Number of protein chains: 2
Amino acid sequence: MSQSKNRIEELEGILREGGVRVTRQRAAILKILAEAEDHPDASELHRRAKEIDATVSLSTVYRTLSALEQQGVVQRHAFENATARFETADAPHHDHLIDIETGAVIEFRSDKIEQLQAEIAAELGYDLVRHRLELYCRKRKD
Amino acid sequence: MSQSKNRIEELEGILREGGVRVTRQRAAILKILAEAEDHPDASELHRRAKEIDATVSLSTVYRTLSALEQQGVVQRHAFENATARFETADAPHHDHLIDIETGAVIEFRSDKIEQLQAEIAAELGYDLVRHRLELYCRKRKD
DNA sequence: TAGCTAGTTGCAAATGCTTCTCATTTGCAT
DNA sequence: ATGCAAATGAGAAGCATTTGCAACTAGCTA
């Protein structure tokens, strides 16, 4: 896991450069986020972070997530009928497929769709700033 | 406006068939919705509905919207950092472009994107049930 | 047409997620 | 080491939305 250790140090560096202090609590949250393979929400992050540092409060989780989001280190997603979920913003841009039975999230990317979106915006006289594309699916039965 | 009058009677019929009573309050909300050219939120609908029937409460607006949504008569949208907005579900399926400066909503449709979405879901072993595609844009300057 | 009854209503209180307040603590530049 | 602005924990506050409850009413029934 020295891989993720480097990752974490890198993220801490980004924060310090952005004038954001790396506290014990933030280090814990950062570690949890960097190692997360899923898209946890604030209370799940809180639960996990407390295992590293029991003093982390839910307020701090929210405050840290906002700070990290502003630094571009974390991305926030608001999927349908659910609390906000988070992921580190290291992977290249992607959209999400949500399993409506389990809540599992799968990442995917389609350059064709990306391009079509920009074209549509342009046709309507707009510049595309960002988008949200979510596919709500059910596992194929057959 | 006898056009929209028919529309409203049609919607009322759908409700009655679904075992949902058409009360004074619901009739008012339905009329507002049928005539709306935009995508109002609950409190805006409340404001407008009160002009027809001053007794309509915000609770009833919410309860009615839920009922209408369940009957498939209304669609609910949760755009970024905003309260839920509603529209009648009569127009064929479409996605939305949101002007991030004014909050204005423009509807569009791309069969190519629709098709690509289904293909992506299939490739990942899923059946696409529904999706959400929103383009957050800024009006082109020049 | 009057009556019945389950569905609806308004109001206020409750929810649940997220943000804020404030007194106290702490990172980190000097 | 010191100082001080930034960060923290605990709990209160916000806000959109939902819910409990007692009073009403749509609309079927006789």
# chains A, B, ... in the order shown; residues from 1 in each chain; ligands from 1
$ interface_residues --of "chain D" --to "chain B" --cutoff "9 Å" --atoms "only C-alpha atoms (C1' of nucleotides)" --output "number ranges by chain"
D: 16-18, 25-27
$ residues_around --residues "DT21 of chain C" --least-positions-apart "5" --cutoff "12 Å" --atoms "only C-alpha atoms (C1' of nucleotides)" --output "ChimeraX atom specification"
/D:9-13
$ calpha_fit_and_write --fixed "chain A" --moving "chain B" --output "compact mmCIF listing (two decimals) with C-alpha atoms, in the first residue's frame"
# COMPACT_ATOMS: atom_id res chain seq x y z
CA MET B 1 0.05 0.10 -0.08
CA SER B 2 2.98 2.51 -0.42
CA GLN B 3 1.23 3.44 -3.63
CA SER B 4 -1.70 4.88 -1.73
CA LYS B 5 0.68 6.36 0.82
CA ASN B 6 2.26 8.44 -1.93
CA ARG B 7 -1.18 9.35 -3.16
CA ILE B 8 -2.12 10.62 0.26
CA GLU B 9 1.05 12.65 0.66
CA GLU B 10 0.40 14.13 -2.75
CA LEU B 11 -3.11 15.12 -1.73
CA GLU B 12 -1.85 16.61 1.50
CA GLY B 13 0.60 18.65 -0.51
CA ILE B 14 -2.21 20.00 -2.68
CA LEU B 15 -4.08 21.05 0.42
CA ARG B 16 -1.10 22.78 2.00
CA GLU B 17 -0.46 24.65 -1.21
CA GLY B 18 -4.08 25.72 -1.20
CA GLY B 19 -3.61 27.15 2.28
CA VAL B 20 -5.63 24.37 3.85
CA ARG B 21 -4.14 22.93 7.01
CA VAL B 22 -3.66 19.20 7.18
CA THR B 23 -5.01 18.31 10.57
CA ARG B 24 -5.17 14.92 12.20
CA GLN B 25 -8.84 14.68 11.27
CA ARG B 26 -8.30 15.69 7.68
CA ALA B 27 -5.46 13.24 7.30
CA ALA B 28 -7.76 10.45 8.47
CA ILE B 29 -10.54 11.44 6.09
CA LEU B 30 -8.10 11.78 3.23
CA LYS B 31 -6.70 8.32 3.86
CA ILE B 32 -10.16 6.80 3.89
CA LEU B 33 -11.07 8.57 0.69
CA ALA B 34 -7.88 7.62 -1.09
CA GLU B 35 -8.34 3.98 -0.20
CA ALA B 36 -12.08 3.80 -0.88
CA GLU B 37 -13.02 1.64 -3.83
CA ASP B 38 -16.65 2.69 -3.63
CA HIS B 39 -18.62 5.93 -3.41
CA PRO B 40 -19.32 6.42 0.31
CA ASP B 41 -21.55 9.09 1.76
CA ALA B 42 -20.68 11.44 4.61
CA SER B 43 -21.88 9.21 7.42
CA GLU B 44 -20.11 6.16 6.00
CA LEU B 45 -16.91 8.20 5.71
CA HIS B 46 -17.43 9.29 9.29
CA ARG B 47 -17.81 5.68 10.39
CA ARG B 48 -14.59 4.68 8.63
CA ALA B 49 -12.61 7.74 9.66
CA LYS B 50 -13.40 7.21 13.32
CA GLU B 51 -11.48 3.93 13.17
CA ILE B 52 -8.35 5.90 12.41
CA ASP B 53 -9.07 8.86 14.65
CA ALA B 54 -11.95 8.52 17.05
CA THR B 55 -12.20 12.28 17.55
CA VAL B 56 -13.40 13.00 14.00
CA SER B 57 -16.85 14.52 14.14
CA LEU B 58 -19.48 14.43 11.45
CA SER B 59 -19.30 18.22 11.15
CA THR B 60 -15.64 17.95 10.34
CA VAL B 61 -16.32 15.28 7.77
CA TYR B 62 -18.73 17.63 6.02
CA ARG B 63 -16.43 20.63 6.39
CA THR B 64 -13.47 18.66 5.10
CA LEU B 65 -15.40 17.30 2.16
CA SER B 66 -16.39 20.82 1.19
CA ALA B 67 -12.80 21.98 1.46
CA LEU B 68 -11.54 19.04 -0.57
CA GLU B 69 -14.21 19.62 -3.17
CA GLN B 70 -13.18 23.24 -3.47
CA GLN B 71 -9.56 22.18 -3.93
CA GLY B 72 -10.70 19.88 -6.70
CA VAL B 73 -9.47 16.83 -4.82
CA VAL B 74 -12.89 15.30 -4.26
CA GLN B 75 -16.07 15.06 -6.28
CA ARG B 76 -19.55 15.09 -4.85
CA HIS B 77 -22.41 13.17 -6.46
CA ALA B 78 -26.09 13.52 -5.67
CA PHE B 79 -27.73 10.42 -7.08
CA GLU B 80 -31.52 10.03 -7.03
CA ASN B 81 -33.22 9.83 -3.63
CA ALA B 82 -29.99 9.47 -1.77
CA THR B 83 -27.55 11.41 0.33
CA ALA B 84 -24.48 12.89 -1.32
CA ARG B 85 -21.71 10.42 -2.13
CA PHE B 86 -18.04 11.18 -2.66
CA GLU B 87 -15.00 9.99 -4.56
CA THR B 88 -11.47 11.28 -5.07
CA ALA B 89 -11.13 13.22 -8.30
CA ASP B 90 -8.01 11.46 -9.50
CA ALA B 91 -9.52 9.17 -12.11
CA PRO B 92 -10.24 10.77 -15.48
CA HIS B 93 -13.77 12.02 -16.08
CA HIS B 94 -16.47 9.40 -16.12
CA ASP B 95 -20.20 9.03 -15.64
CA HIS B 96 -22.10 6.60 -13.44
CA LEU B 97 -24.41 3.64 -13.77
CA ILE B 98 -26.40 2.99 -10.61
CA ASP B 99 -27.85 -0.42 -9.83
CA ILE B 100 -31.32 0.52 -8.59
CA GLU B 101 -31.57 -2.71 -6.65
CA THR B 102 -28.31 -2.62 -4.72
CA GLY B 103 -27.22 1.01 -4.99
CA ALA B 104 -23.90 -0.14 -6.43
CA VAL B 105 -22.18 2.40 -8.65
CA ILE B 106 -20.26 1.52 -11.80
CA GLU B 107 -18.15 4.05 -13.63
CA PHE B 108 -18.11 4.32 -17.39
CA ARG B 109 -17.07 6.71 -20.06
CA SER B 110 -18.31 7.35 -23.58
CA ASP B 111 -16.43 9.80 -25.73
CA LYS B 112 -19.26 9.71 -28.23
CA ILE B 113 -21.74 10.87 -25.65
CA GLU B 114 -19.35 13.53 -24.40
CA GLN B 115 -19.01 14.88 -27.89
CA LEU B 116 -22.73 14.80 -28.60
CA GLN B 117 -23.38 16.75 -25.43
CA ALA B 118 -21.04 19.54 -26.48
CA GLU B 119 -22.67 19.64 -29.90
CA ILE B 120 -26.14 19.91 -28.43
CA ALA B 121 -25.12 22.74 -26.12
CA ALA B 122 -23.48 24.56 -29.03
CA GLU B 123 -26.56 24.19 -31.20
CA LEU B 124 -28.62 25.81 -28.47
CA GLY B 125 -26.15 28.68 -28.18
CA TYR B 126 -24.41 27.55 -25.03
CA ASP B 127 -20.99 26.47 -23.84
CA LEU B 128 -21.06 23.23 -21.88
CA VAL B 129 -19.50 23.79 -18.46
CA ARG B 130 -20.22 20.42 -16.86
CA HIS B 131 -22.81 17.72 -17.09
CA ARG B 132 -24.44 14.99 -15.13
CA LEU B 133 -25.24 11.65 -16.70
CA GLU B 134 -26.55 8.80 -14.62
CA LEU B 135 -27.98 5.51 -15.84
CA TYR B 136 -30.36 3.85 -13.40
CA CYS B 137 -30.35 0.18 -14.26
CA ARG B 138 -31.35 -3.30 -13.22
CA LYS B 139 -29.01 -6.26 -13.64
CA ARG B 140 -29.93 -8.20 -16.77
CA LYS B 141 -31.68 -11.38 -15.78
CA ASP B 142 -31.12 -14.22 -18.23
$ select_by_dssp --residues "chain B" --states "helix (DSSP H, G or I)" --output "count of residues only"
65
$ interface_residues --of "chain C" --to "chain B" --cutoff "10 Å" --atoms "only C-alpha atoms (C1' of nucleotides)" --output "list of chain:residue names"
C:DG7, C:DT8, C:DT9, C:DG10, C:DC11
$ residues_around --residues "DT30 of chain C" --least-positions-apart "4" --cutoff "12 Å" --atoms "only C-alpha atoms (C1' of nucleotides)" --output "list in words"
DA1, DT2, DG3 and DC4 of chain D
$ write_last_selection --atoms "N, CA and C atoms (P, O5', C5', C4', C3', O3' and C1' of nucleotides)" --output "mmCIF file, in the first residue's frame"
data_model
loop_
_atom_site.group_PDB
_atom_site.id
_atom_site.type_symbol
_atom_site.label_atom_id
_atom_site.label_comp_id
_atom_site.auth_asym_id
_atom_site.auth_seq_id
_atom_site.Cartn_x
_atom_site.Cartn_y
_atom_site.Cartn_z
ATOM 1 P P DA D 1 11.069 23.989 22.782
ATOM 2 O "O5'" DA D 1 10.891 25.454 23.263
ATOM 3 C "C5'" DA D 1 9.789 25.932 23.991
ATOM 4 C "C4'" DA D 1 9.811 27.420 23.756
ATOM 5 C "C3'" DA D 1 8.464 28.055 24.019
ATOM 6 O "O3'" DA D 1 8.671 29.392 24.423
ATOM 7 C "C1'" DA D 1 8.935 28.187 21.707
ATOM 8 P P DT D 2 7.416 30.117 25.206
ATOM 9 O "O5'" DT D 2 6.911 31.283 24.258
ATOM 10 C "C5'" DT D 2 7.267 31.266 22.911
ATOM 11 C "C4'" DT D 2 6.521 32.383 22.226
ATOM 12 C "C3'" DT D 2 5.069 32.594 22.672
ATOM 13 O "O3'" DT D 2 4.738 33.962 22.484
ATOM 14 C "C1'" DT D 2 5.109 31.653 20.494
ATOM 15 P P DG D 3 3.306 34.536 22.804
ATOM 16 O "O5'" DG D 3 2.723 34.695 21.338
ATOM 17 C "C5'" DG D 3 3.505 35.363 20.335
ATOM 18 C "C4'" DG D 3 2.665 35.523 19.094
ATOM 19 C "C3'" DG D 3 1.214 35.910 19.368
ATOM 20 O "O3'" DG D 3 0.791 36.770 18.312
ATOM 21 C "C1'" DG D 3 1.266 33.752 18.362
ATOM 22 P P DC D 4 -0.607 37.561 18.421
ATOM 23 O "O5'" DC D 4 -1.424 36.945 17.207
ATOM 24 C "C5'" DC D 4 -0.791 36.683 15.964
ATOM 25 C "C4'" DC D 4 -1.657 35.729 15.148
ATOM 26 C "C3'" DC D 4 -3.164 35.929 15.370
ATOM 27 O "O3'" DC D 4 -3.804 35.681 14.142
ATOM 28 C "C1'" DC D 4 -2.630 33.726 15.810
#
$ atom_distance --atom1 "atom C1' of DG14 of chain D" --atom2 "atom C1' of DA12 of chain C"
17.4 Å
$ select_by_dssp --residues "chain A" --states "strand (DSSP E or B)" --output "number ranges by chain"
A: 41, 74-77, 85-88, 95-99, 105-108, 126-139
$ write_last_selection --atoms "N, CA and C atoms" --output "mmCIF file, in the first residue's frame"
data_model
loop_
_atom_site.group_PDB
_atom_site.id
_atom_site.type_symbol
_atom_site.label_atom_id
_atom_site.label_comp_id
_atom_site.auth_asym_id
_atom_site.auth_seq_id
_atom_site.Cartn_x
_atom_site.Cartn_y
_atom_site.Cartn_z
ATOM 1 N N ASP A 41 -20.981 7.888 1.477
ATOM 2 C CA ASP A 41 -21.586 9.178 1.817
ATOM 3 C C ASP A 41 -20.935 9.696 3.093
ATOM 4 N N VAL A 74 -11.765 16.217 -4.436
ATOM 5 C CA VAL A 74 -12.883 15.309 -4.238
ATOM 6 C C VAL A 74 -14.059 15.741 -5.095
ATOM 7 N N GLN A 75 -14.859 14.762 -5.505
ATOM 8 C CA GLN A 75 -16.068 15.098 -6.243
ATOM 9 C C GLN A 75 -17.288 14.619 -5.491
ATOM 10 N N ARG A 76 -18.319 15.439 -5.523
ATOM 11 C CA ARG A 76 -19.564 15.141 -4.821
ATOM 12 C C ARG A 76 -20.608 14.720 -5.842
ATOM 13 N N HIS A 77 -21.345 13.663 -5.544
ATOM 14 C CA HIS A 77 -22.416 13.229 -6.439
ATOM 15 C C HIS A 77 -23.723 13.147 -5.687
ATOM 16 N N ARG A 85 -22.793 11.496 -2.168
ATOM 17 C CA ARG A 85 -21.736 10.489 -2.075
ATOM 18 C C ARG A 85 -20.472 11.090 -2.680
ATOM 19 N N PHE A 86 -19.311 10.608 -2.230
ATOM 20 C CA PHE A 86 -18.058 11.243 -2.614
ATOM 21 C C PHE A 86 -17.028 10.272 -3.174
ATOM 22 N N GLU A 87 -16.139 10.823 -3.996
ATOM 23 C CA GLU A 87 -15.022 10.026 -4.508
ATOM 24 C C GLU A 87 -13.863 10.972 -4.778
ATOM 25 N N THR A 88 -12.635 10.443 -4.697
ATOM 26 C CA THR A 88 -11.481 11.284 -5.006
ATOM 27 C C THR A 88 -11.507 11.578 -6.499
ATOM 28 N N ASP A 95 -18.771 8.985 -16.073
ATOM 29 C CA ASP A 95 -20.148 9.097 -15.610
ATOM 30 C C ASP A 95 -20.472 7.850 -14.805
ATOM 31 N N HIS A 96 -21.706 7.751 -14.339
ATOM 32 C CA HIS A 96 -22.037 6.648 -13.435
ATOM 33 C C HIS A 96 -23.257 5.840 -13.837
ATOM 34 N N LEU A 97 -23.147 4.544 -13.604
ATOM 35 C CA LEU A 97 -24.275 3.641 -13.773
ATOM 36 C C LEU A 97 -24.615 3.183 -12.363
ATOM 37 N N ILE A 98 -25.872 3.357 -11.969
ATOM 38 C CA ILE A 98 -26.284 2.984 -10.618
ATOM 39 C C ILE A 98 -27.212 1.769 -10.672
ATOM 40 N N ASP A 99 -26.860 0.746 -9.928
ATOM 41 C CA ASP A 99 -27.697 -0.453 -9.836
ATOM 42 C C ASP A 99 -28.846 -0.105 -8.894
ATOM 43 N N VAL A 105 -22.388 1.462 -7.604
ATOM 44 C CA VAL A 105 -22.086 2.452 -8.628
ATOM 45 C C VAL A 105 -20.947 1.953 -9.514
ATOM 46 N N ILE A 106 -21.162 2.001 -10.810
ATOM 47 C CA ILE A 106 -20.135 1.588 -11.761
ATOM 48 C C ILE A 106 -19.768 2.800 -12.600
ATOM 49 N N GLU A 107 -18.478 2.999 -12.802
ATOM 50 C CA GLU A 107 -18.052 4.144 -13.589
ATOM 51 C C GLU A 107 -17.902 3.750 -15.053
ATOM 52 N N PHE A 108 -18.209 4.669 -15.927
ATOM 53 C CA PHE A 108 -17.984 4.413 -17.348
ATOM 54 C C PHE A 108 -17.701 5.725 -18.045
ATOM 55 N N TYR A 126 -25.313 27.534 -26.440
ATOM 56 C CA TYR A 126 -24.677 27.519 -25.128
ATOM 57 C C TYR A 126 -23.295 26.876 -25.152
ATOM 58 N N ASP A 127 -22.507 27.222 -24.136
ATOM 59 C CA ASP A 127 -21.243 26.526 -23.919
ATOM 60 C C ASP A 127 -21.462 25.552 -22.770
ATOM 61 N N LEU A 128 -21.081 24.319 -22.990
ATOM 62 C CA LEU A 128 -21.252 23.301 -21.953
ATOM 63 C C LEU A 128 -20.206 23.505 -20.860
ATOM 64 N N VAL A 129 -20.653 23.698 -19.642
ATOM 65 C CA VAL A 129 -19.730 23.899 -18.526
ATOM 66 C C VAL A 129 -19.460 22.578 -17.813
ATOM 67 N N ARG A 130 -20.517 21.876 -17.495
ATOM 68 C CA ARG A 130 -20.379 20.541 -16.902
ATOM 69 C C ARG A 130 -21.676 19.802 -17.153
ATOM 70 N N HIS A 131 -21.661 18.522 -16.891
ATOM 71 C CA HIS A 131 -22.891 17.777 -17.118
ATOM 72 C C HIS A 131 -23.049 16.706 -16.063
ATOM 73 N N ARG A 132 -24.196 16.108 -16.073
ATOM 74 C CA ARG A 132 -24.467 15.010 -15.161
ATOM 75 C C ARG A 132 -25.169 13.938 -15.965
ATOM 76 N N LEU A 133 -24.608 12.766 -15.993
ATOM 77 C CA LEU A 133 -25.217 11.650 -16.716
ATOM 78 C C LEU A 133 -25.205 10.441 -15.812
ATOM 79 N N GLU A 134 -26.384 9.945 -15.507
ATOM 80 C CA GLU A 134 -26.492 8.779 -14.647
ATOM 81 C C GLU A 134 -27.448 7.777 -15.269
ATOM 82 N N LEU A 135 -27.020 6.530 -15.322
ATOM 83 C CA LEU A 135 -27.869 5.469 -15.869
ATOM 84 C C LEU A 135 -28.357 4.623 -14.698
ATOM 85 N N TYR A 136 -29.661 4.581 -14.517
ATOM 86 C CA TYR A 136 -30.238 3.773 -13.441
ATOM 87 C C TYR A 136 -30.665 2.449 -14.044
ATOM 88 N N CYS A 137 -30.008 1.381 -13.606
ATOM 89 C CA CYS A 137 -30.172 0.096 -14.281
ATOM 90 C C CYS A 137 -30.462 -1.059 -13.343
ATOM 91 N N ARG A 138 -30.868 -2.150 -13.966
ATOM 92 C CA ARG A 138 -31.112 -3.389 -13.244
ATOM 93 C C ARG A 138 -30.233 -4.447 -13.899
ATOM 94 N N LYS A 139 -29.638 -5.287 -13.109
ATOM 95 C CA LYS A 139 -28.742 -6.324 -13.635
ATOM 96 C C LYS A 139 -29.530 -7.188 -14.625
#
$ atom_distance --atom1 "atom C1' of DG20 of chain D" --atom2 "atom C1' of DT19 of chain C"
28.1 Å
